[in-house]
Structures are given as structure tokens and as C-alpha cells.
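J.: My structure is below; once you've seen it, I'll send some questions.
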Amino acid sequence: LMNLLPVPRTLELSGQTVPSRPATRQRDPSQRPQGYELHIGPDAVELVAADDAGFFYGELTLAQLAALHDGDLPAGVVRDYPDLPVRGVMLDISRDKVPTAASLHALIDRLASLKINQLQLYSEHTFAYRNHQDVHAAASPLDATEIVALDAYCRERHVELVPNQNCLGHMNRWLAHERYRPLAIAPEGFTDPYGITRAPMTIEPNDPRSLELVRELLAELLPLFSSRRVHVGLDEAWELPPERIDDFLAWAATLRGLPELEGREMLMWGDMVSGRSDQVARLPAGVTVCEWGYDDWYPFDERCAILARAGIPFWVAPGTSSWMSILGRVTNARNTCQRAAAAALAHGARGYLNTDWGDLGHLQQPVISEPGFAYGAAVSWCLESNQHLDLGAALSAHVFHDTSGNLADAVLSLGDAHRLVTPQFPNMSTLVMNLYYPQLPVGRGLTKGLVADELDEVERRFEAARVAAAAAEPERSDGALLRDEVAFSIDLVTLLLKDARARLHGDGFLASVPEDLRAGLGAELDALTDRYRDLWLANNRPGGLDDSVAWLSNLRQAYETGEPDPNWGGIRVPTRE
């Protein structure tokens, strides 16, 4: 029964099974919000709850129990309620994938079945604003009619669809156009805190035209949602130096005071002031801070304590760790989600927002995010009963519907393959560094310590995972697609291991790899790129696909010439010496 997802707070079961039957419902105001009790006996199944959400979640637990007992039910009592009132998922639809309606519906169904009750679609430029077609023309954006329909679909499943529109930083898709460039703080571009050269990203908060634009966007977007919340972003406004913190705080206060936001809870990311007690205390009244951290060393406890002492409402925001990894970082995701949930409980967070980003082309396949979604849902529902969850068994039973268990075994094993090599990075897998930045050397510099013996171990793990995935029997309607996504992911990173091994035979730079070897890598990458396009279109709209493929095309060009673009991705190539 630990295979339930999430595991209920209290299970008192006799070990006997009884025939399944519809539950009789009894409303009891003394039950906690969203909570429920199940009394399963030989003659009746009673479901007691205080609200409709409680009835919904009780029925979900009954369905999971029946699935685990061949259609029967275990006799006994289940008492359950959530740790946190808001348990959300944020899906990045701006870098670069905008899912089809069908794949969004399927995702919402899965999340709702895990007792997730909020969805945010992170948007920079992928809503079809009436007066800004030049920004979203190539993006296959969601339009007003689709948002209204999606909102209704979510409501039927006790999921709140929350608008999410970045309103300061991450406006590069807007500022790339001459029409909007004058709004940029740094119209000619800048270097971010990580040393990466970037095109302009942040609008100037002191320019009245910036406020005019943001107000127009919010006025058009917000009425489409039944939610009384809105996430306005405000993260990573890198062009605002520390000495301009007053301007940042004034912008946050201006947004909070907009008539367009009247009667709505304003959510914002916390990173611009995170950990700084003096600045946290100056946040405007009426904002809720989403404290994000994506590595398992992130000090959620310390940062949440600062927010709590300042009396600032806050949520925690960990992540699935799937992005910039191709295969995921499963242990990191588990630990980060667990630490976030513990800090949320310790310091009085009001919500939990599990994020799934698409940085650098959104190259990871959807299946890779499923472990992070599932574990985040479990620990945000009840940390005590779920922190030691048997994630493989739970995924097999309730996400993949795979009685063989092989698909979950493969995905979880692949998700920790990056841990088999010595060099490790925050927020990224070492195994794919040479895909994103082929101009960087392998085995020296950032990847110093990477050796062929470690690559051998990774490849052995891949082969075992390949066999397991091929033998999987997921009963989901997209079961074959799930196997294809895993196989593609293995094949792509296997190519990168061949690349790395060839570089280790030389001086670490791609130019030291013989031309015939590079030609073979290029031919393999061509076939993989074709498969990638097919997999993309199985779940997503065509907009953004070419931008995503550009990361693969850049690598392909590097194999062709042996001389990678020295500035690709804004990272300058070190000199060969």
C-alpha cells in the first residue's frame, strides 16, 4: 500500500479485501479542508468530507486502492488531508514547447490524480496578445478561447489554472524586436552573473512605456482566468544592479497597486531579495513570494525563516530537475522537493509550486519530468507519509500503469546516471555539457576529472535501461510514445558519450577529434534530429521547434567543421593551449 500516490496520512487496514462498490457520501463540516475519511467494510463504503475537493480526493484514493487489489478494496479506514492548501505545478511553455491541447489535458488529468490542485503555464511570449502578433507569431501561442476552455477543464478536476506572465526580466522574446527594444535597460545586451553574454532581457522599470505595456498585457490576460491569483515573475532582472534595488522594490509595489490586479493575490519570485532580511522587509504589502531553489543544497529552511520573520506570505518552489539534463537528475529532484516541503511546514508556507523548466531549447522529453512531478505531489500532500516513498512502484502503478515496473526502473536509473562521473554542476547534468556548449573542452576546465572509465560505467547503465524500457508494458494510451521518448534520450546522450570519449583521446577540444569520427557523429546526430522533430510534434505545437533544434544544429555544424562557434550560448571558448 506504500504504492499509493500520494500515500495517505493514516491507513488502518485489516488485510482483508471486500468487493468494490460506489461510496456513499456524507458531508461533515468538522473534516479539514480538502480532507476525507474512507470507511471500507463488507457491506458499505462510506466517504466523509467537508467539501467537494475532499470528496474528489477520497474517490481518487478509492480508485488507487482498487487498482492495487484487482478491482476489490482493502477493508479498513483511511484518514487523510493535505499539509498545504496549494499544491501546484508550473510548466514552462516559453522555452520552447507549447503543448497541444490533448497533451495538456492528459497532463492535467495525471496531476489531478496525484492531488495537485494548481497549474501555472509560465509564459513570456506564448499568449496571443491582440496587439503584439510580431512577438508571438512563430510561437504557436495559446489564445483567449483556449485559455477559457483550459480553465474550465482544470476546474472540473479541482485544479486552479493561474495566469503567469513575466513582467520585468525574461522579456528577451519581446526586446528582440525593434518595436520594444527601447524599453530595455541594456538595449545592446549584457553579461549575466554567470559570465554568459546575453541579449537584452529586462525592461526599464522607470520608463512609463514599460508600465503601459505590462498593464495592457495583464488587462487582456487576467479576465480569461477564474483564478484570483496572478504570477508576475520579477525573477532574474539581471540588468538591475544591486544599487538599483529601490527601483526593483518600487516596481513590485507599482504592480501590486495596479487596478488590473485589484482583488487578486500577486505572486512573485523571491530571488532578487532572497536571504536579505532588510530587503525582504521592504516588499510591498499584499504580495506572496515564491522562494525557488533547484539544487538539493539550496537553503530553503534559512530563506523561508527570513520570509516568515518578516511576515511575508510565501510559497516554496522546487523543481523536477529535468531541464538541461536530457535524462533528468532524480535524486537531486527528490532531495530538493523534500527539503522544500520540510521548510514549508516548518515556517508556515501557504503553497508549494513544483517547477518544470525548459532552459536551452527544452530538449528533455516529457517522460523525464514524471518522477519529479510525482514525488513533488506526494511530499506536498503529506511529507511524513511520503518522504520515503517507493517512487518506482508508485510511478509504475499510478503514472505509467506498467505492471512490469520496467519503465519506471529505466527512467529512475537514467535519472541518476550523471552521478557516475566526477565533475558535477548545479542545475545541469555533466553528461550533456558538450551538447549545449560544444566549444568547451571535455576532461579539462569545467569538466576536469571526467575520465573514460566513468563513461564506461555510464554506458553500462544505459544498456540496462535500454533493455528495461524496451520490455516495459505501459498501459497508457501513449505507452509506445513513452518508450520512444526513453529510447531517444538514451541514444542522444550515448552520442554525447562517444563525442566525449573521442575528445578525451585528444586534447579535450573538438578540433582534436579526427574528421572521420566527427563525420560519423554528425550522421548519427542527423538521424537523432529527425526523431527529435517527430517526438516534439507528438505532444507539442510546431512553434518553437526550430528554435529548439538550433541547439542540435549548432552541434551538427561543429561536427562538420571541427571548429564550434566560439561564442555559442554566450559562453566564450577558452584558448587551446
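Ordered as shown in the C-alpha cells, chains take letters A, B, and onward, while each chain numbers its residues from 1 and ligands are numbered from 1 in the order shown.
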Report as an MDAnalysis selection string all protein, DNA and RNA residues lying within 12 Å of Ala128 in chain A, evaluated on only C-alpha atoms, omitting residues in the same chain fewer than 6 positions from it.
T.: chainID A and resid 134:147 217 220:221
J.: Go ahead and save the residues from that selection, with all heavy atoms, as a compact mmCIF listing (two decimals), in the first residue's frame.
T.:
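Output file result.txt follows:
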# COMPACT_ATOMS: atom_id res chain seq x y z
N ASP A 134 3.63 40.33 -33.68
CA ASP A 134 5.02 40.14 -34.09
C ASP A 134 5.81 39.36 -33.05
O ASP A 134 6.77 38.65 -33.39
CB ASP A 134 5.70 41.49 -34.39
CG ASP A 134 5.40 42.55 -33.33
OD1 ASP A 134 4.48 42.35 -32.52
OD2 ASP A 134 6.08 43.59 -33.36
N VAL A 135 5.42 39.42 -31.78
CA VAL A 135 6.15 38.73 -30.71
C VAL A 135 5.82 37.23 -30.70
O VAL A 135 6.70 36.40 -30.53
CB VAL A 135 5.82 39.35 -29.34
CG1 VAL A 135 6.47 38.55 -28.21
CG2 VAL A 135 6.28 40.80 -29.29
N HIS A 136 4.55 36.91 -30.91
CA HIS A 136 4.14 35.51 -30.76
C HIS A 136 3.86 34.80 -32.08
O HIS A 136 3.46 33.64 -32.08
CB HIS A 136 2.92 35.40 -29.84
CG HIS A 136 1.71 36.16 -30.31
ND1 HIS A 136 0.96 35.77 -31.40
CD2 HIS A 136 1.10 37.28 -29.83
CE1 HIS A 136 -0.04 36.61 -31.57
NE2 HIS A 136 0.01 37.54 -30.64
N ALA A 137 4.12 35.46 -33.19
CA ALA A 137 3.70 34.92 -34.50
C ALA A 137 4.24 33.51 -34.75
O ALA A 137 3.52 32.65 -35.28
CB ALA A 137 4.13 35.86 -35.61
N ALA A 138 5.48 33.26 -34.37
CA ALA A 138 6.11 31.97 -34.69
C ALA A 138 6.03 30.97 -33.54
O ALA A 138 6.60 29.89 -33.62
CB ALA A 138 7.58 32.18 -35.07
N ALA A 139 5.29 31.32 -32.48
CA ALA A 139 5.34 30.53 -31.25
C ALA A 139 4.21 29.54 -31.08
O ALA A 139 4.19 28.81 -30.09
CB ALA A 139 5.38 31.46 -30.04
N SER A 140 3.24 29.48 -32.00
CA SER A 140 2.04 28.66 -31.80
C SER A 140 1.42 28.94 -30.43
O SER A 140 1.25 28.04 -29.61
CB SER A 140 2.34 27.17 -31.92
OG SER A 140 2.85 26.84 -33.17
N PRO A 141 1.07 30.20 -30.15
CA PRO A 141 0.66 30.58 -28.80
C PRO A 141 -0.72 30.06 -28.44
O PRO A 141 -1.53 29.71 -29.30
CB PRO A 141 0.65 32.11 -28.87
CG PRO A 141 0.26 32.40 -30.29
CD PRO A 141 0.96 31.33 -31.11
N LEU A 142 -1.00 30.05 -27.14
CA LEU A 142 -2.35 29.82 -26.66
C LEU A 142 -3.16 31.09 -26.85
O LEU A 142 -2.66 32.19 -26.61
CB LEU A 142 -2.33 29.47 -25.17
CG LEU A 142 -1.70 28.13 -24.79
CD1 LEU A 142 -1.47 28.05 -23.29
CD2 LEU A 142 -2.57 26.98 -25.25
N ASP A 143 -4.41 30.96 -27.29
CA ASP A 143 -5.24 32.15 -27.46
C ASP A 143 -6.32 32.20 -26.39
O ASP A 143 -6.44 31.31 -25.54
CB ASP A 143 -5.83 32.22 -28.88
CG ASP A 143 -6.79 31.08 -29.19
OD1 ASP A 143 -7.39 30.50 -28.26
OD2 ASP A 143 -6.94 30.75 -30.39
N ALA A 144 -7.11 33.27 -26.43
CA ALA A 144 -8.09 33.51 -25.37
C ALA A 144 -9.10 32.38 -25.28
O ALA A 144 -9.44 31.93 -24.17
CB ALA A 144 -8.80 34.84 -25.63
N THR A 145 -9.57 31.90 -26.40
CA THR A 145 -10.57 30.83 -26.38
C THR A 145 -10.00 29.57 -25.74
O THR A 145 -10.68 28.89 -24.95
CB THR A 145 -11.03 30.53 -27.82
OG1 THR A 145 -11.58 31.71 -28.39
CG2 THR A 145 -12.07 29.42 -27.84
N GLU A 146 -8.74 29.26 -26.05
CA GLU A 146 -8.11 28.07 -25.48
C GLU A 146 -7.91 28.20 -23.98
O GLU A 146 -8.10 27.23 -23.23
CB GLU A 146 -6.77 27.82 -26.17
CG GLU A 146 -6.91 27.38 -27.62
CD GLU A 146 -5.59 27.32 -28.35
OE1 GLU A 146 -4.83 28.30 -28.32
OE2 GLU A 146 -5.30 26.27 -28.96
N ILE A 147 -7.54 29.39 -23.52
CA ILE A 147 -7.35 29.60 -22.08
C ILE A 147 -8.67 29.39 -21.34
O ILE A 147 -8.71 28.71 -20.30
CB ILE A 147 -6.79 31.01 -21.80
CG1 ILE A 147 -5.35 31.12 -22.27
CG2 ILE A 147 -6.91 31.35 -20.31
CD1 ILE A 147 -4.36 30.32 -21.46
N LEU A 217 -0.97 44.07 -21.13
CA LEU A 217 -0.92 42.60 -21.16
C LEU A 217 -1.80 42.01 -20.06
O LEU A 217 -2.58 41.09 -20.30
CB LEU A 217 0.52 42.11 -20.99
CG LEU A 217 1.55 42.61 -22.01
CD1 LEU A 217 2.89 41.90 -21.80
CD2 LEU A 217 1.07 42.42 -23.44
N GLU A 220 -5.57 42.28 -20.65
CA GLU A 220 -6.11 41.35 -21.64
C GLU A 220 -6.11 39.91 -21.13
O GLU A 220 -7.03 39.14 -21.43
CB GLU A 220 -5.28 41.44 -22.93
CG GLU A 220 -5.83 40.59 -24.07
CD GLU A 220 -5.08 40.78 -25.37
OE1 GLU A 220 -4.30 41.76 -25.50
OE2 GLU A 220 -5.25 39.94 -26.28
N LEU A 221 -5.10 39.57 -20.34
CA LEU A 221 -4.92 38.17 -19.93
C LEU A 221 -5.79 37.77 -18.74
O LEU A 221 -6.46 36.72 -18.77
CB LEU A 221 -3.44 37.95 -19.57
CG LEU A 221 -3.03 36.52 -19.19
CD1 LEU A 221 -3.14 35.58 -20.38
CD2 LEU A 221 -1.60 36.52 -18.64
J.: Pull the closest atom pair for each residue of range 440-479 of chain A that gets at most 12 Å from range 102-121 of chain A, along with the distance in Å to one decimal, counting only C-alpha atoms, ordering rows by chain and then ascending residue number, as JSON lines.
T.:
{"residue": "A:Arg476", "atom": "CA", "partner": "A:Ala106", "partner_atom": "CA", "distance": 10.2}
{"residue": "A:Ser477", "atom": "CA", "partner": "A:Ala106", "partner_atom": "CA", "distance": 9.9}
{"residue": "A:Asp478", "atom": "CA", "partner": "A:Ala106", "partner_atom": "CA", "distance": 9.9}
J.: Would you mind exporting the chosen residues as a compact mmCIF listing (two decimals), in the first residue's frame, restricted to C-alpha atoms?
T.:
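Written output follows (part_25.txt):
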# COMPACT_ATOMS: atom_id res chain seq x y z
CA ARG A 476 -1.32 4.50 -21.03
CA SER A 477 -2.71 5.48 -24.42
CA ASP A 478 0.71 6.98 -25.22
J.: So which residues touch Gly443 in chain A within 12 Å, counting only C-alpha atoms, skipping near sequence neighbours fewer than 4 positions away, as a list in words?
T.: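 After dropping sequence-adjacent residues, the list is Val421, Thr422, Pro423, Thr430, Leu431, Met433, Asn434, Thr447, Lys448, Gly449, Leu450, Val451, Ala452, Glu454, Leu455, Asp499, Ala500, Arg501, Ala502, Arg503, Leu504, His505, Gly506, Asp507, Gly508, Phe509 and Leu510 of chain A.
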J.: I'd like the neighbourhood of Ala472 in chain A as a list in words, where a residue qualifies if any of its atoms comes within 8 Å (using only C-alpha atoms), though same-chain residues fewer than 5 positions away should be ignored.
T.: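 Selected residues are Asp402, Ser404, Gly405, Asn406, Leu407 and Arg483 of chain A.
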J.: Print the selection's residues with N, CA and C atoms to a file, as an mmCIF file, in the first residue's frame.
T.:
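Output saved as selection_16.cif:
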data_model
loop_
_atom_site.group_PDB
_atom_site.id
_atom_site.type_symbol
_atom_site.label_atom_id
_atom_site.label_comp_id
_atom_site.auth_asym_id
_atom_site.auth_seq_id
_atom_site.Cartn_x
_atom_site.Cartn_y
_atom_site.Cartn_z
ATOM 1 N N ASP A 402 2.175 0.453 -15.583
ATOM 2 C CA ASP A 402 3.073 -0.548 -16.161
ATOM 3 C C ASP A 402 3.320 -1.631 -15.117
ATOM 4 N N SER A 404 4.880 -4.306 -15.351
ATOM 5 C CA SER A 404 6.239 -4.853 -15.392
ATOM 6 C C SER A 404 7.198 -4.063 -14.503
ATOM 7 N N GLY A 405 6.886 -2.781 -14.259
ATOM 8 C CA GLY A 405 7.785 -1.927 -13.483
ATOM 9 C C GLY A 405 9.008 -1.465 -14.239
ATOM 10 N N ASN A 406 9.152 -1.930 -15.481
ATOM 11 C CA ASN A 406 10.396 -1.683 -16.215
ATOM 12 C C ASN A 406 10.582 -0.228 -16.634
ATOM 13 N N LEU A 407 9.485 0.441 -16.981
ATOM 14 C CA LEU A 407 9.637 1.812 -17.465
ATOM 15 C C LEU A 407 10.132 2.721 -16.343
ATOM 16 N N ARG A 483 7.958 4.822 -24.439
ATOM 17 C CA ARG A 483 9.149 4.001 -24.714
ATOM 18 C C ARG A 483 10.057 4.680 -25.729
#
J.: Env of range 22-25 of chain A: 10 Å cut, atoms = only C-alpha atoms, seq-sep filter 5 positions within chain, self excluded. Answer as a PyMOL selection string.
T.: chain A and resi 38-40+44-49+55+58-59+62
J.: Using only C-alpha atoms, which of A:Val411, A:Met428, A:Leu267, A:Ala342 sits nearest Met324 in chain A?
T.: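 Closest to Met324 in chain A, using only C-alpha atoms: A:Met428.
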J.: Go through A:Val330, A:Leu91, A:Val458, A:Ala394 and flag the residue nearest His362 in chain A, using only C-alpha atoms for the distances.
T.: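 For His362 in chain A, the nearest of the candidates is A:Leu91.
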J.: Please extract the residues of range 401-444 of chain A with a backbone DSSP assignment of alpha helix (DSSP H) and present them as a PyMOL selection string.
T.: chain A and resi 406-414+433-436
J.: Rounded to one decimal in Å, what is the spacing between CA of Met268 in chain A and CA of Ser369 in chain A?
T.: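 So the answer is 23.7 Å.
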J.: Nearest residue to Gln557 in chain A out of A:Val148, A:Leu521, A:Ala308, A:Val442, using only C-alpha atoms?
T.: A:Leu521
J.: What's the 9 Å shell around Leu11 in chain A, counting only C-alpha atoms, without same-chain residues fewer than 3 positions away, as a list of chain:residue names?
T.: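 Selected residues are A:Leu1, A:Val7, A:Pro8, A:Gly76, A:Val77, A:Val78, A:Arg79, A:Asp80.
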J.: Let's have the selection written as a PDB file, in the first residue's frame, with all heavy atoms.
T.:
ATOM      1  N   LEU A   1       0.818  -1.205   0.000  1.00  0.00           N
ATOM      2  CA  LEU A   1       0.000   0.000   0.000  1.00  0.00           C
ATOM      3  C   LEU A   1       0.853   1.257   0.000  1.00  0.00           C
ATOM      4  O   LEU A   1       0.349   2.348  -0.211  1.00  0.00           O
ATOM      5  CB  LEU A   1      -0.940  -0.001   1.204  1.00  0.00           C
ATOM      6  CG  LEU A   1      -2.100  -0.997   1.067  1.00  0.00           C
ATOM      7  CD1 LEU A   1      -2.923  -1.027   2.331  1.00  0.00           C
ATOM      8  CD2 LEU A   1      -2.961  -0.642  -0.134  1.00  0.00           C
ATOM      9  N   VAL A   7       0.802   8.696  -0.664  1.00  0.00           N
ATOM     10  CA  VAL A   7       0.411   7.808   0.437  1.00  0.00           C
ATOM     11  C   VAL A   7      -0.429   8.612   1.430  1.00  0.00           C
ATOM     12  O   VAL A   7      -0.017   9.682   1.874  1.00  0.00           O
ATOM     13  CB  VAL A   7       1.648   7.232   1.145  1.00  0.00           C
ATOM     14  CG1 VAL A   7       1.236   6.343   2.316  1.00  0.00           C
ATOM     15  CG2 VAL A   7       2.517   6.456   0.164  1.00  0.00           C
ATOM     16  N   PRO A   8      -1.628   8.139   1.777  1.00  0.00           N
ATOM     17  CA  PRO A   8      -2.467   8.883   2.738  1.00  0.00           C
ATOM     18  C   PRO A   8      -1.800   9.014   4.102  1.00  0.00           C
ATOM     19  O   PRO A   8      -0.921   8.229   4.475  1.00  0.00           O
ATOM     20  CB  PRO A   8      -3.742   8.033   2.825  1.00  0.00           C
ATOM     21  CG  PRO A   8      -3.774   7.247   1.553  1.00  0.00           C
ATOM     22  CD  PRO A   8      -2.336   6.962   1.238  1.00  0.00           C
ATOM     23  N   GLY A  76     -11.091  -1.399   5.922  1.00  0.00           N
ATOM     24  CA  GLY A  76     -10.444  -0.587   6.933  1.00  0.00           C
ATOM     25  C   GLY A  76     -10.818   0.870   6.811  1.00  0.00           C
ATOM     26  O   GLY A  76     -11.844   1.226   6.208  1.00  0.00           O
ATOM     27  N   VAL A  77      -9.984   1.726   7.394  1.00  0.00           N
ATOM     28  CA  VAL A  77     -10.257   3.162   7.460  1.00  0.00           C
ATOM     29  C   VAL A  77      -9.049   3.936   6.929  1.00  0.00           C
ATOM     30  O   VAL A  77      -7.897   3.599   7.238  1.00  0.00           O
ATOM     31  CB  VAL A  77     -10.562   3.609   8.909  1.00  0.00           C
ATOM     32  CG1 VAL A  77     -10.825   5.111   8.973  1.00  0.00           C
ATOM     33  CG2 VAL A  77     -11.746   2.825   9.472  1.00  0.00           C
ATOM     34  N   VAL A  78      -9.318   4.961   6.118  1.00  0.00           N
ATOM     35  CA  VAL A  78      -8.301   5.892   5.637  1.00  0.00           C
ATOM     36  C   VAL A  78      -8.685   7.287   6.121  1.00  0.00           C
ATOM     37  O   VAL A  78      -9.821   7.720   5.927  1.00  0.00           O
ATOM     38  CB  VAL A  78      -8.207   5.890   4.095  1.00  0.00           C
ATOM     39  CG1 VAL A  78      -7.134   6.861   3.623  1.00  0.00           C
ATOM     40  CG2 VAL A  78      -7.935   4.483   3.564  1.00  0.00           C
ATOM     41  N   ARG A  79      -7.759   7.952   6.787  1.00  0.00           N
ATOM     42  CA  ARG A  79      -7.978   9.340   7.197  1.00  0.00           C
ATOM     43  C   ARG A  79      -6.878  10.193   6.562  1.00  0.00           C
ATOM     44  O   ARG A  79      -5.697   9.879   6.721  1.00  0.00           O
ATOM     45  CB  ARG A  79      -7.943   9.484   8.723  1.00  0.00           C
ATOM     46  CG  ARG A  79      -9.078   8.753   9.427  1.00  0.00           C
ATOM     47  CD  ARG A  79      -9.030   8.959  10.931  1.00  0.00           C
ATOM     48  NE  ARG A  79     -10.171   8.297  11.583  1.00  0.00           N
ATOM     49  CZ  ARG A  79     -10.150   7.047  12.021  1.00  0.00           C
ATOM     50  NH1 ARG A  79      -9.056   6.309  11.850  1.00  0.00           N
ATOM     51  NH2 ARG A  79     -11.215   6.519  12.586  1.00  0.00           N
ATOM     52  N   ASP A  80      -7.270  11.267   5.905  1.00  0.00           N
ATOM     53  CA  ASP A  80      -6.298  11.967   5.074  1.00  0.00           C
ATOM     54  C   ASP A  80      -6.673  13.430   4.921  1.00  0.00           C
ATOM     55  O   ASP A  80      -7.860  13.783   4.883  1.00  0.00           O
ATOM     56  CB  ASP A  80      -6.240  11.299   3.694  1.00  0.00           C
ATOM     57  CG  ASP A  80      -4.913  11.525   2.983  1.00  0.00           C
ATOM     58  OD1 ASP A  80      -3.965  12.022   3.623  1.00  0.00           O
ATOM     59  OD2 ASP A  80      -4.841  11.188   1.792  1.00  0.00           O
TER      60      ASP A  80
END
J.: Go ahead and compute the interatomic distance for CA of Leu414 in chain A and CA of Leu495 in chain A, in Å to one decimal.
T.: 15.0 Å
J.: How far is it from CA of Tyr532 in chain A to CA of Ala374 in chain A, in Å with one decimal?
T.: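 Between CA of Tyr532 in chain A and CA of Ala374 in chain A the gap is 24.9 Å.
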J.: Compile the contact shell of range 300-306 of chain A as a list in words: residues with an atom at most 9 Å away, counting only C-alpha atoms, same-chain residues fewer than 3 positions apart removed.
T.: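 Here the qualifying residues turn out to be Ser274, Gly275, Arg276, Ser277, Val280, Glu291, Trp292, Gly293, Trp297, Arg309, Ala310, Gly311, Ile312, Phe314, Trp315, Val316, Thr336, Arg339, Ala340, Ala342, Ala343, Ala344, Ala346, His347, Gly348 and Ala349 of chain A.
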J.: When you count only C-alpha atoms, which of these residues is closest to Gly286 in chain A: A:Trp551, A:Leu68, A:Gly257, A:Asp271?
T.: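 Result for the nearest residue to Gly286 in chain A: A:Gly257.
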J.: Can you work out which one of A:Leu161, A:Ala464, A:Val432, A:Val89 has the shortest atom-to-atom distance to Leu360 in chain A, counting only C-alpha atoms?
T.: A:Val432
J.: In terms of the shortest atom-to-atom distance over only C-alpha atoms, which of A:Pro426, A:Gly569, A:Arg460, A:Glu473 is closest to Ser396 in chain A?
T.: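 Under the stated criterion, the closest residue is A:Glu473.
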J.: Any chance you could list, as a list of chain:residue names, the residues in range 162-230 of chain A that come up strand (DSSP E) when DSSP is run on the backbone?
T.: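 After running DSSP on the backbone, range 162-230 of chain A has strand (DSSP E) at A:Val162, A:Phe190, A:Thr191, A:Thr197, A:Arg198, A:Arg229, A:Val230.
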